[in-house]
Amino acid sequence: MLLDKFRALYHHIWSVLLRSRKYAASPMPAELLTDPLIDAALRRAWYESCPHGPAVPWGEPGSRKQEQGGWIVWNKQTGTLRVVRVSPGKRDGLATIRGTRPQGSDNEEVVAWFHTHPNTISEGYSPEPGPSDIAFTWQTARAPGLIETHKGRRTIPYPGP
Ligand SMILES: [Zn+2]
């Protein structure tokens with residue numbers, strides 16, 4: 001929908017203008033979710049995933065929705081965060097994030113990955129993290145996951161149980 005595009009642009013502008021807070025230690029997911037920069041980045045990704053596009057039932061072609069996401073990296077020297085986006089995925093997956101995990105360094109640490117679940121329950125989708133989201137968090141991202149959904153934000157803890 002056009003409104004999604006305007007909102008994506010609005011939050012994109014904020015994500016350019018805003019700086020993150022400064023963190024003396026690796027920030028927790030709860031801190032990330034209330035950080036002005038991260039909040040704008042999550043909202044931008046959300047509206048770019050076309051969450052209010054026409055409803056298309058699971059398994060049928062024609063949906064304009066596509067998962068979006070990326071990485072959140074903490075700079076230990078400056079204390080600030082930066083966001084690394086990946087290419088859009090499909091409506092039901094973000095395969096484009098594979099192989100894109102930023103390399104950690106003495107100065108930088110990956111503190112989260114994030115993505116969107118733009119499909120609705122009435123289309124046949126759950127807002128909750130799926131098994132592949134959890135496996136990716138534990139095995140590949142090795143950092144907590146944040147998910148923007150129609151039912152609010154979800155987090156996947158890391159380390160897991
Ligand atoms: Zn997911």
# chains A, B, ... in the order shown; residues from 1 in each chain; ligands from 1
$ select_by_dssp --residues "chain A" --states "helix (DSSP H, G or I)" --output "PyMOL selection string"
chain A and resi 2-17+29-34+36-48+95-97+121-123+131-141
$ residues_near_ligand --ligand "ligand 1" --cutoff "12 Å" --atoms "only C-alpha atoms and all ligand atoms" --output "PyMOL selection string"
chain A and resi 66-70+89-95+97+113-119+125-137+145-149+153-156
$ residues_around --residues "Cys50 of chain A" --least-positions-apart "6" --cutoff "8 Å" --atoms "only C-alpha atoms" --output "number ranges by chain"
A: 1, 4-5, 64-66, 118
$ closest_residue --among "A:Arg44, A:Pro61, A:Val111, A:Thr34" --to "Pro157 of chain A" --atoms "only C-alpha atoms"
A:Val111
$ residues_around --residues "segment 81-84 of chain A" --least-positions-apart "6" --cutoff "8 Å" --atoms "only C-alpha atoms" --output "list in words"
Arg19, Ser20, Arg21, Lys22, Ile38, Ala41, Gly70, Trp71, Ile72, Val73, Trp74 and Asn75 of chain A
$ atom_distance --atom1 "atom CA of Ala112 of chain A" --atom2 "atom CA of His12 of chain A"
19.4 Å
$ closest_residue --among "A:Ala24, A:Glu48, A:Gly104, A:Glu60" --to "Thr78 of chain A" --atoms "only C-alpha atoms"
A:Ala24
$ atom_distance --atom1 "atom CA of Val110 of chain A" --atom2 "atom CA of Asp39 of chain A"
17.0 Å
$ atom_distance --atom1 "atom CA of Val56 of chain A" --atom2 "atom CA of Pro88 of chain A"
18.5 Å
